[in-house]
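K.L.:
One file: final-v6.txt (compact mmCIF, C-alpha atoms).
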# COMPACT_ATOMS: atom_id res chain seq x y z
CA MET A 1 -12.93 -19.48 18.30
CA PRO A 2 -12.89 -15.76 19.20
CA ASP A 3 -16.25 -14.09 19.63
CA ALA A 4 -16.34 -11.11 17.29
CA THR A 5 -18.88 -9.22 19.35
CA LYS A 6 -16.52 -9.23 22.34
CA ASP A 7 -13.27 -8.59 20.50
CA PRO A 8 -11.84 -5.22 21.55
CA SER A 9 -9.57 -5.18 18.52
CA ARG A 10 -12.07 -5.68 15.77
CA PRO A 11 -11.86 -3.07 13.04
CA ALA A 12 -13.03 0.38 13.90
CA PRO A 13 -15.81 2.00 11.88
CA GLN A 14 -14.65 3.95 8.85
CA ARG A 15 -17.49 6.40 8.89
CA LEU A 16 -16.88 8.14 12.14
CA LYS A 17 -19.57 10.30 13.61
CA GLY A 18 -19.10 13.75 15.02
CA PRO A 19 -17.05 16.61 13.67
CA ARG A 20 -13.95 15.63 11.74
CA LYS A 21 -10.79 17.50 12.65
CA LYS A 22 -9.22 18.32 9.32
CA LYS A 23 -5.47 18.33 9.20
CA GLY A 24 -2.86 17.73 6.57
CA LEU A 25 -0.89 14.71 7.68
CA VAL A 26 2.76 13.82 7.31
CA ILE A 27 2.75 10.10 6.65
CA ILE A 28 5.81 7.83 6.63
CA ASN A 29 5.90 4.29 5.21
CA THR A 30 9.17 2.73 6.27
CA GLY A 31 10.72 -0.66 7.15
CA ASP A 32 12.39 -3.37 5.11
CA GLY A 33 9.19 -5.07 3.94
CA LYS A 34 7.08 -4.66 0.84
CA GLY A 35 4.26 -2.17 0.48
CA LYS A 36 5.85 1.19 1.24
CA THR A 37 5.63 2.63 -2.27
CA THR A 38 2.65 0.43 -3.05
CA ALA A 39 0.58 1.83 -0.18
CA ALA A 40 1.46 5.36 -1.34
CA LEU A 41 0.13 4.38 -4.77
CA GLY A 42 -3.04 3.15 -3.07
CA VAL A 43 -3.55 6.57 -1.50
CA LEU A 44 -2.96 8.15 -4.88
CA PHE A 45 -5.63 5.87 -6.35
CA ARG A 46 -8.14 6.71 -3.61
CA ALA A 47 -7.40 10.41 -3.88
CA TRP A 48 -7.87 10.33 -7.64
CA GLY A 49 -11.21 8.61 -7.02
CA ARG A 50 -12.21 11.59 -4.88
CA LYS A 51 -10.98 14.04 -7.51
CA LEU A 52 -8.30 15.37 -5.21
CA ASN A 53 -5.06 16.69 -6.68
CA VAL A 54 -2.20 14.33 -6.03
CA ARG A 55 1.39 14.37 -7.26
CA MET A 56 4.21 11.87 -6.87
CA PHE A 57 7.93 12.51 -7.01
CA GLN A 58 10.06 9.41 -7.24
CA PHE A 59 13.63 9.41 -6.11
CA ILE A 60 16.08 6.64 -6.99
CA LYS A 61 13.99 5.15 -9.81
CA HIS A 62 15.42 5.82 -13.26
CA THR A 63 14.37 9.04 -14.93
CA GLY A 64 11.83 8.02 -17.55
CA ALA A 65 11.02 4.69 -15.86
CA GLN A 66 7.94 3.01 -17.30
CA PHE A 67 6.86 0.67 -14.57
CA GLY A 68 3.20 -0.11 -13.97
CA GLU A 69 2.67 2.95 -11.80
CA GLN A 70 4.13 5.42 -14.29
CA ARG A 71 2.02 3.90 -17.05
CA ALA A 72 -1.14 4.13 -14.96
CA ALA A 73 -0.39 7.69 -13.84
CA LYS A 74 0.25 8.78 -17.41
CA ARG A 75 -3.06 7.31 -18.56
CA LEU A 76 -4.88 9.19 -15.79
CA GLY A 77 -2.99 12.45 -16.07
CA ILE A 78 -1.58 12.20 -12.54
CA PRO A 79 1.81 13.92 -12.29
CA MET A 80 4.45 11.32 -11.43
CA GLU A 81 8.04 12.16 -12.03
CA ALA A 82 10.80 9.60 -11.61
CA MET A 83 14.18 11.19 -11.35
CA GLY A 84 17.18 9.14 -10.48
CA ASP A 85 19.70 6.73 -11.89
CA GLY A 86 18.23 3.53 -10.51
CA PHE A 87 20.44 3.59 -7.37
CA THR A 88 21.13 -0.07 -6.80
CA TRP A 89 23.95 -2.42 -6.07
CA LEU A 90 25.07 -1.65 -9.58
CA SER A 91 25.16 2.14 -9.28
CA LYS A 92 28.74 3.24 -9.86
CA ASP A 93 28.46 6.99 -9.59
CA MET A 94 27.07 7.88 -6.18
CA GLU A 95 27.80 11.55 -6.69
CA ARG A 96 25.48 11.62 -9.64
CA THR A 97 22.84 9.71 -7.66
CA ALA A 98 23.10 12.29 -4.89
CA ALA A 99 22.99 15.25 -7.29
CA LEU A 100 19.83 13.93 -8.94
CA ALA A 101 18.19 13.55 -5.54
CA VAL A 102 19.04 17.11 -4.55
CA GLU A 103 17.66 18.40 -7.84
CA GLN A 104 14.45 16.41 -7.35
CA TRP A 105 14.15 17.74 -3.78
CA GLU A 106 14.18 21.32 -5.06
CA ARG A 107 11.05 20.53 -7.09
CA CYS A 108 9.45 18.83 -4.11
CA LYS A 109 9.98 21.90 -1.94
CA ASP A 110 8.00 24.00 -4.40
CA ALA A 111 5.18 21.48 -4.46
CA ILE A 112 5.10 21.16 -0.66
CA VAL A 113 5.22 24.85 0.20
CA ASP A 114 3.51 26.35 -2.86
CA GLY A 115 1.67 24.33 -5.50
CA ASP A 116 -1.97 23.37 -5.25
CA ASP A 117 -1.94 19.65 -4.59
CA ASP A 118 -3.94 18.06 -1.82
CA ILE A 119 -1.40 15.26 -1.47
CA VAL A 120 2.31 15.26 -2.36
CA ILE A 121 4.16 11.93 -2.34
CA LEU A 122 7.96 11.68 -2.05
CA ASP A 123 8.72 8.10 -2.96
CA GLU A 124 11.96 6.53 -1.69
CA PHE A 125 13.00 9.89 -0.32
CA THR A 126 14.31 8.56 2.99
CA TYR A 127 17.51 7.34 1.33
CA ALA A 128 18.46 10.89 0.43
CA MET A 129 18.34 11.80 4.12
CA HIS A 130 19.88 8.55 5.33
CA TYR A 131 22.93 8.98 3.12
CA GLY A 132 23.28 12.63 4.03
CA TRP A 133 22.51 14.12 0.63
CA ILE A 134 19.70 16.21 2.11
CA ALA A 135 19.52 17.36 5.74
CA VAL A 136 16.52 16.09 7.69
CA GLU A 137 16.27 19.49 9.42
CA GLU A 138 15.70 21.14 6.04
CA VAL A 139 13.01 18.61 5.23
CA ILE A 140 11.17 19.21 8.50
CA GLU A 141 11.48 22.97 8.08
CA THR A 142 9.93 22.65 4.62
CA LEU A 143 7.11 20.47 5.94
CA ARG A 144 6.37 23.06 8.65
CA ARG A 145 5.92 25.73 5.99
CA ARG A 146 3.28 23.81 4.03
CA PRO A 147 -0.43 24.77 3.98
CA SER A 148 -2.21 23.21 6.94
CA LEU A 149 -4.43 20.88 4.90
CA ARG A 150 -1.74 19.49 2.60
CA HIS A 151 -0.84 15.83 3.14
CA VAL A 152 2.72 14.69 2.47
CA ILE A 153 3.68 11.02 2.20
CA ILE A 154 7.31 9.93 2.39
CA THR A 155 8.41 6.35 1.71
CA GLY A 156 11.60 4.31 2.05
CA ARG A 157 13.75 2.41 4.52
CA TYR A 158 15.70 4.08 7.29
CA ALA A 159 13.33 6.98 7.99
CA PRO A 160 15.38 9.31 10.21
CA GLU A 161 14.31 9.50 13.87
CA ALA A 162 13.73 13.25 13.75
CA LEU A 163 11.34 12.83 10.83
CA ILE A 164 9.45 10.04 12.60
CA GLU A 165 9.21 12.35 15.60
CA TYR A 166 7.70 15.11 13.46
CA ALA A 167 5.35 12.88 11.41
CA ASP A 168 1.70 12.21 12.24
CA LEU A 169 1.31 8.66 10.96
CA VAL A 170 4.21 6.22 10.73
CA THR A 171 3.92 2.61 9.62
CA GLU A 172 6.68 0.04 9.48
CA MET A 173 6.33 -2.59 6.77
CA LYS A 174 7.95 -5.75 8.13
CA VAL A 175 8.97 -8.79 6.11
CA VAL A 176 7.32 -11.93 7.43
CA LYS A 177 8.01 -14.00 4.33
CA HIS A 178 9.61 -13.01 1.06
CA PRO A 179 9.45 -15.23 -2.02
CA TYR A 180 12.25 -13.63 -3.98
CA LYS A 181 14.83 -14.51 -1.40
CA ASP A 182 13.32 -17.75 -0.18
CA GLN A 183 12.19 -19.38 -3.42
CA GLY A 184 14.40 -17.81 -6.08
CA ILE A 185 11.39 -16.08 -7.61
CA LYS A 186 12.00 -12.75 -9.24
CA ALA A 187 9.88 -9.60 -9.00
CA GLN A 188 6.65 -9.99 -10.98
CA PRO A 189 5.38 -7.23 -13.29
CA GLY A 190 2.12 -5.67 -12.15
CA ILE A 191 2.75 -6.76 -8.57
CA GLU A 192 6.09 -5.22 -7.69
CA PHE A 193 6.66 -2.67 -10.42
CA MET B 1 27.18 9.10 7.78
CA PRO B 2 26.71 5.69 6.14
CA ASP B 3 28.52 5.13 2.85
CA ALA B 4 25.91 4.09 0.30
CA THR B 5 28.38 2.24 -1.88
CA LYS B 6 29.24 -0.10 0.99
CA ASP B 7 25.76 -0.54 2.41
CA PRO B 8 24.68 -4.18 2.08
CA SER B 9 21.05 -3.25 2.58
CA ARG B 10 20.63 -0.60 -0.04
CA PRO B 11 17.67 -1.24 -2.32
CA ALA B 12 18.01 -4.11 -4.77
CA PRO B 13 17.65 -3.42 -8.49
CA GLN B 14 14.11 -3.65 -9.78
CA ARG B 15 15.02 -4.75 -13.27
CA LEU B 16 16.66 -8.04 -12.58
CA LYS B 17 18.66 -9.71 -15.27
CA GLY B 18 18.41 -13.35 -16.25
CA PRO B 19 15.34 -15.48 -16.76
CA ARG B 20 12.37 -14.58 -14.60
CA LYS B 21 10.62 -17.45 -12.93
CA LYS B 22 6.96 -16.71 -13.44
CA LYS B 23 4.65 -17.75 -10.68
CA GLY B 24 1.33 -16.60 -9.39
CA LEU B 25 1.90 -15.41 -5.84
CA VAL B 26 -0.26 -15.61 -2.75
CA ILE B 27 0.35 -12.34 -0.96
CA ILE B 28 -0.79 -11.46 2.57
CA ASN B 29 -0.86 -7.95 4.03
CA THR B 30 -1.52 -8.27 7.73
CA GLY B 31 -0.76 -6.57 11.06
CA ASP B 32 -2.47 -3.84 13.05
CA GLY B 33 -0.94 -0.92 11.11
CA LYS B 34 -2.16 1.10 8.17
CA GLY B 35 -1.50 0.18 4.54
CA LYS B 36 -2.89 -3.33 4.20
CA THR B 37 -5.81 -2.46 1.94
CA THR B 38 -3.98 0.56 0.61
CA ALA B 39 -1.02 -1.50 -0.63
CA ALA B 40 -3.45 -3.88 -2.33
CA LEU B 41 -4.95 -0.83 -4.08
CA GLY B 42 -1.42 0.15 -5.15
CA VAL B 43 -0.98 -3.23 -6.81
CA LEU B 44 -4.34 -2.80 -8.48
CA PHE B 45 -3.18 0.58 -9.79
CA ARG B 46 0.11 -0.82 -11.12
CA ALA B 47 -1.62 -3.79 -12.68
CA TRP B 48 -4.14 -1.55 -14.39
CA GLY B 49 -1.19 0.46 -15.73
CA ARG B 50 0.12 -2.73 -17.32
CA LYS B 51 -3.33 -3.60 -18.70
CA LEU B 52 -3.59 -6.69 -16.57
CA ASN B 53 -6.99 -7.90 -15.40
CA VAL B 54 -7.50 -7.24 -11.73
CA ARG B 55 -10.55 -7.66 -9.52
CA MET B 56 -11.16 -6.77 -5.89
CA PHE B 57 -13.66 -8.31 -3.52
CA GLN B 58 -14.19 -6.40 -0.31
CA PHE B 59 -15.44 -8.08 2.80
CA ILE B 60 -16.74 -6.18 5.81
CA LYS B 61 -17.18 -2.84 4.01
CA HIS B 62 -20.81 -1.94 3.42
CA THR B 63 -22.39 -3.20 0.24
CA GLY B 64 -22.54 -0.22 -2.08
CA ALA B 65 -19.80 1.72 -0.24
CA GLN B 66 -18.58 4.73 -2.17
CA PHE B 67 -15.18 5.41 -0.67
CA GLY B 68 -12.33 6.78 -2.76
CA GLU B 69 -11.30 3.36 -4.01
CA GLN B 70 -14.76 2.36 -5.20
CA ARG B 71 -15.14 5.67 -6.99
CA ALA B 72 -11.77 5.30 -8.71
CA ALA B 73 -12.44 1.68 -9.67
CA LYS B 74 -15.81 2.58 -11.11
CA ARG B 75 -14.29 5.34 -13.22
CA LEU B 76 -11.69 2.90 -14.58
CA GLY B 77 -14.00 -0.07 -15.06
CA ILE B 78 -12.09 -2.21 -12.53
CA PRO B 79 -14.43 -4.70 -10.85
CA MET B 80 -14.56 -3.93 -7.13
CA GLU B 81 -17.39 -5.34 -5.11
CA ALA B 82 -17.95 -4.40 -1.50
CA MET B 83 -20.24 -6.80 0.25
CA GLY B 84 -20.74 -6.56 3.96
CA ASP B 85 -22.57 -4.65 6.62
CA GLY B 86 -19.74 -2.49 7.84
CA PHE B 87 -18.72 -4.92 10.62
CA THR B 88 -17.60 -2.61 13.36
CA TRP B 89 -17.97 -1.99 17.03
CA LEU B 90 -21.50 -1.02 16.14
CA SER B 91 -22.50 -4.14 14.23
CA LYS B 92 -25.39 -5.75 16.07
CA ASP B 93 -26.14 -8.75 13.92
CA MET B 94 -23.01 -10.88 13.66
CA GLU B 95 -24.93 -13.70 12.01
CA ARG B 96 -25.77 -11.46 9.13
CA THR B 97 -22.15 -10.23 8.93
CA ALA B 98 -21.00 -13.84 8.75
CA ALA B 99 -23.60 -14.82 6.15
CA LEU B 100 -22.59 -11.92 3.89
CA ALA B 101 -18.95 -12.98 4.14
CA VAL B 102 -19.77 -16.57 3.21
CA GLU B 103 -21.79 -15.37 0.23
CA GLN B 104 -18.93 -13.12 -0.90
CA TRP B 105 -16.48 -16.01 -0.51
CA GLU B 106 -18.53 -18.12 -2.93
CA ARG B 107 -17.95 -15.47 -5.60
CA CYS B 108 -14.28 -15.29 -4.74
CA LYS B 109 -13.88 -19.02 -5.22
CA ASP B 110 -15.19 -18.76 -8.77
CA ALA B 111 -12.80 -15.91 -9.53
CA ILE B 112 -9.81 -17.70 -7.99
CA VAL B 113 -10.35 -21.09 -9.59
CA ASP B 114 -12.07 -20.09 -12.83
CA GLY B 115 -12.38 -16.52 -14.11
CA ASP B 116 -9.75 -14.83 -16.23
CA ASP B 117 -8.16 -12.28 -13.90
CA ASP B 118 -4.42 -11.95 -13.49
CA ILE B 119 -4.84 -10.70 -9.94
CA VAL B 120 -7.68 -11.32 -7.48
CA ILE B 121 -7.76 -9.28 -4.28
CA LEU B 122 -9.72 -10.37 -1.18
CA ASP B 123 -9.78 -7.31 1.01
CA GLU B 124 -10.28 -7.73 4.77
CA PHE B 125 -10.85 -11.42 4.21
CA THR B 126 -8.76 -12.59 7.16
CA TYR B 127 -11.53 -11.67 9.61
CA ALA B 128 -13.82 -14.25 8.03
CA MET B 129 -11.26 -16.95 8.82
CA HIS B 130 -10.29 -15.52 12.20
CA TYR B 131 -13.87 -15.57 13.45
CA GLY B 132 -14.50 -19.02 12.03
CA TRP B 133 -17.04 -18.09 9.37
CA ILE B 134 -14.89 -19.71 6.67
CA ALA B 135 -12.40 -22.54 7.28
CA VAL B 136 -8.80 -21.70 6.45
CA GLU B 137 -8.37 -25.23 5.05
CA GLU B 138 -11.05 -24.52 2.46
CA VAL B 139 -9.32 -21.28 1.53
CA ILE B 140 -5.96 -22.99 1.05
CA GLU B 141 -7.57 -25.80 -0.93
CA THR B 142 -9.16 -23.20 -3.22
CA LEU B 143 -5.85 -21.36 -3.65
CA ARG B 144 -4.17 -24.65 -4.62
CA ARG B 145 -6.69 -25.15 -7.40
CA ARG B 146 -6.03 -21.80 -9.06
CA PRO B 147 -4.16 -21.41 -12.38
CA SER B 148 -0.41 -21.27 -11.75
CA LEU B 149 0.06 -17.68 -12.90
CA ARG B 150 -2.84 -16.13 -10.97
CA HIS B 151 -1.87 -13.84 -8.10
CA VAL B 152 -4.14 -13.64 -5.06
CA ILE B 153 -3.81 -10.90 -2.44
CA ILE B 154 -5.49 -11.23 0.96
CA THR B 155 -5.57 -8.39 3.47
CA GLY B 156 -6.60 -7.96 7.10
CA ARG B 157 -5.45 -8.43 10.68
CA TYR B 158 -5.01 -11.83 12.26
CA ALA B 159 -3.96 -13.78 9.16
CA PRO B 160 -4.21 -17.43 10.25
CA GLU B 161 -0.88 -19.27 10.71
CA ALA B 162 -1.76 -21.96 8.18
CA LEU B 163 -2.41 -19.33 5.54
CA ILE B 164 0.88 -17.55 6.28
CA GLU B 165 2.60 -20.93 5.98
CA TYR B 166 1.03 -21.46 2.55
CA ALA B 167 1.55 -17.90 1.23
CA ASP B 168 4.54 -16.72 -0.82
CA LEU B 169 4.86 -13.14 0.35
CA VAL B 170 3.71 -11.96 3.77
CA THR B 171 4.12 -8.44 5.11
CA GLU B 172 3.16 -7.18 8.53
CA MET B 173 2.11 -3.54 8.69
CA LYS B 174 3.12 -2.28 12.13
CA VAL B 175 1.92 0.89 13.81
CA VAL B 176 4.83 3.11 14.77
CA LYS B 177 2.69 6.20 15.26
CA HIS B 178 -1.00 6.74 14.69
CA PRO B 179 -2.59 10.20 14.65
CA TYR B 180 -6.17 9.14 15.14
CA LYS B 181 -5.48 7.62 18.51
CA ASP B 182 -2.72 9.97 19.62
CA GLN B 183 -4.02 13.35 18.47
CA GLY B 184 -7.76 12.90 18.24
CA ILE B 185 -7.65 13.32 14.48
CA LYS B 186 -10.22 11.41 12.51
CA ALA B 187 -9.71 9.47 9.28
CA GLN B 188 -9.18 11.81 6.34
CA PRO B 189 -10.98 11.31 3.01
CA GLY B 190 -8.64 10.43 0.14
CA ILE B 191 -6.02 9.15 2.55
CA GLU B 192 -7.79 6.47 4.53
CA PHE B 193 -10.94 5.81 2.55
So, in terms of structure tokens, how does the structure I just supplied come out?

P.N.:
Amino acid sequence: MPDATKDPSRPAPQRLKGPRKKKGLVIINTGDGKGKTTAALGVLFRAWGRKLNVRMFQFIKHTGAQFGEQRAAKRLGIPMEAMGDGFTWLSKDMERTAALAVEQWERCKDAIVDGDDDIVILDEFTYAMHYGWIAVEEVIETLRRRPSLRHVIITGRYAPEALIEYADLVTEMKVVKHPYKDQGIKAQPGIEF
Amino acid sequence: MPDATKDPSRPAPQRLKGPRKKKGLVIINTGDGKGKTTAALGVLFRAWGRKLNVRMFQFIKHTGAQFGEQRAAKRLGIPMEAMGDGFTWLSKDMERTAALAVEQWERCKDAIVDGDDDIVILDEFTYAMHYGWIAVEEVIETLRRRPSLRHVIITGRYAPEALIEYADLVTEMKVVKHPYKDQGIKAQPGIEF
């Protein structure tokens, strides 16, 4: 049995002593596993608890989607705007999907560069770069122009290398085991959406 | 540039057609990266949005901790109980740390087997198994006895193999890039706690 007092990898303290270097972070949640959007929602929840201003833009998800997160955000008055056509296997009009993403990105730019939010979340935004609808160079240029204390969180698979290079904190969510594929279980409300 | 219409890995639809097999899931968020607790908070947020009953037990974190998540939960009336002594590099009394975890686990058992929550979250619970304070066999036996629709989420590094084997959905959060180590930046309120 490992001895906790000698374990160099046991969890680090959360209340760190000494001066805290304040810096707005660019955070990427990527990979093919679960938890990318969900972890961004967790930050949103924490931030709301601290009375910070947080705003979430959702790409891909249907405009007007009423999943658990939109319902919760609405009840709390947290701005969360889904704008997309559901981009899935079933999407037939990729040009429309792309156009909606570009339109949503224009709003994001305003929020990132101007606006008064402490945290801006761009959910499932990586796809727009991956498929070439929005240039990663333009995204990085926009991030560079933001106020120095503003955090920006970007989620989705296939985060472009240049964005990973620019970001401060990058996590890959990896599938170890997935019930929907392995057991024929479908996504459960409240857990996945 | 990849063609989205031909990409076999583009995101699957979230509103699946056909009958949904309902099943309470055992979900593990593990790995050394960020987002394990945070993704559990995201589920809590979604579930609250759907008016489900959700409850979070926190191990390790100091009893009475007032991080962003505890503040948010308190404001929303979501039960979230931190019970621990902060278990860190600095913890001097591992016996007390262990005893607090065992006491917290007794409450969890009641909530998992009895209780009326749709989702029960055991945050940073893996450490208690990893360090041998609580037997993984007892945990699995308790999970087996829960109502069939109850979801249980367990977070923390070093999830024991037997628990991964038993779980339905397991995600590993992997560090790709970490600012606190690499840039000397400390944890930021609202983002990390």

K.L.:
Using only C-alpha atoms, I'd like every residue of chain B that has an atom within 6 Å of chain A; please write them out as an MDAnalysis selection string.

P.N.:
chainID B and resid 2 11:13 20:21 35 38:39 41:43 46:47 49:50 68:69 71:72 88 131 168:179 185:186 190:191

K.L.:
Rounded to one decimal in Å, what is the spacing between CA of Ile78 (chain A) and CA of Arg55 (chain A)?

P.N.:
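Value for the CA of Ile78 (chain A)-CA of Arg55 (chain A) distance: 6.4 Å.
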
K.L.:
Could you work out how far CA of Leu149 (chain A) lies from CA of Thr155 (chain B), giving the answer in Å with one decimal?

P.N.:
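Between these atoms lies a distance of 29.3 Å.
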
K.L.:
Report, in Å to a single decimal, how far apart CA of Val102 (chain A) and CA of Ala65 (chain A) are.

P.N.:
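Calculated distance between CA of Ala65 (chain A) and CA of Val102 (chain A) is 18.6 Å.
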
K.L.:
Box time for region 41-56 of chain A: axis-aligned, enclosing all its listed atoms, 8 Å extra on each side; report centre and edge lengths in Å to one decimal, as JSON.

P.N.:
{"center_x": -4.0, "center_y": 9.9, "center_z": -4.6, "size_x": 32.4, "size_y": 29.5, "size_z": 22.1}

K.L.:
Would you mind telling me which residue in B:Ala159, B:Ile134, B:Cys108, B:Ile140 lies nearest to Val120 (chain B) when using all atoms listed in the file?

P.N.:
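Among B:Ala159, B:Ile134, B:Cys108, B:Ile140, it is B:Cys108 that comes nearest to Val120 (chain B).
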
K.L.:
What's the 12 Å shell around Ala111 (chain A), counting all atoms listed in the file, without same-chain residues fewer than 3 positions away, as a JSON list (two decimals) with C-alpha atoms, in the coordinates of the input?

P.N.:
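Wrote part36.json, looks like this:
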[["chain", "number", "residue", "atom", "x", "y", "z"],
["A", 53, "ASN", "CA", -5.06, 16.69, -6.68],
["A", 54, "VAL", "CA", -2.20, 14.33, -6.03],
["A", 55, "ARG", "CA", 1.39, 14.37, -7.26],
["A", 56, "MET", "CA", 4.21, 11.87, -6.87],
["A", 57, "PHE", "CA", 7.93, 12.51, -7.01],
["A", 79, "PRO", "CA", 1.81, 13.92, -12.29],
["A", 104, "GLN", "CA", 14.45, 16.41, -7.35],
["A", 105, "TRP", "CA", 14.15, 17.74, -3.78],
["A", 106, "GLU", "CA", 14.18, 21.32, -5.06],
["A", 107, "ARG", "CA", 11.05, 20.53, -7.09],
["A", 108, "CYS", "CA", 9.45, 18.83, -4.11],
["A", 114, "ASP", "CA", 3.51, 26.35, -2.86],
["A", 115, "GLY", "CA", 1.67, 24.33, -5.50],
["A", 116, "ASP", "CA", -1.97, 23.37, -5.25],
["A", 117, "ASP", "CA", -1.94, 19.65, -4.59],
["A", 118, "ASP", "CA", -3.94, 18.06, -1.82],
["A", 119, "ILE", "CA", -1.40, 15.26, -1.47],
["A", 120, "VAL", "CA", 2.31, 15.26, -2.36],
["A", 121, "ILE", "CA", 4.16, 11.93, -2.34],
["A", 122, "LEU", "CA", 7.96, 11.68, -2.05],
["A", 142, "THR", "CA", 9.93, 22.65, 4.62],
["A", 143, "LEU", "CA", 7.11, 20.47, 5.94],
["A", 145, "ARG", "CA", 5.92, 25.73, 5.99],
["A", 146, "ARG", "CA", 3.28, 23.81, 4.03],
["A", 147, "PRO", "CA", -0.43, 24.77, 3.98],
["A", 150, "ARG", "CA", -1.74, 19.49, 2.60],
["A", 151, "HIS", "CA", -0.84, 15.83, 3.14],
["A", 152, "VAL", "CA", 2.72, 14.69, 2.47]]

K.L.:
Check the smallest atom-to-atom distance from each of B:Met80, B:Leu163, B:Ile112, B:Ile154 to Gly64 (chain B) using all atoms listed in the file, then report the winner.

P.N.:
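Using all atoms listed in the file, Gly64 (chain B) sits closest to B:Met80.
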
K.L.:
Just checking: using all atoms listed in the file, which residue out of A:Pro160, A:Gly84, A:Gly77, A:Ala99 ends up closest to His62 (chain A)?

P.N.:
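Distance minimum relative to His62 (chain A) lands on A:Gly84.
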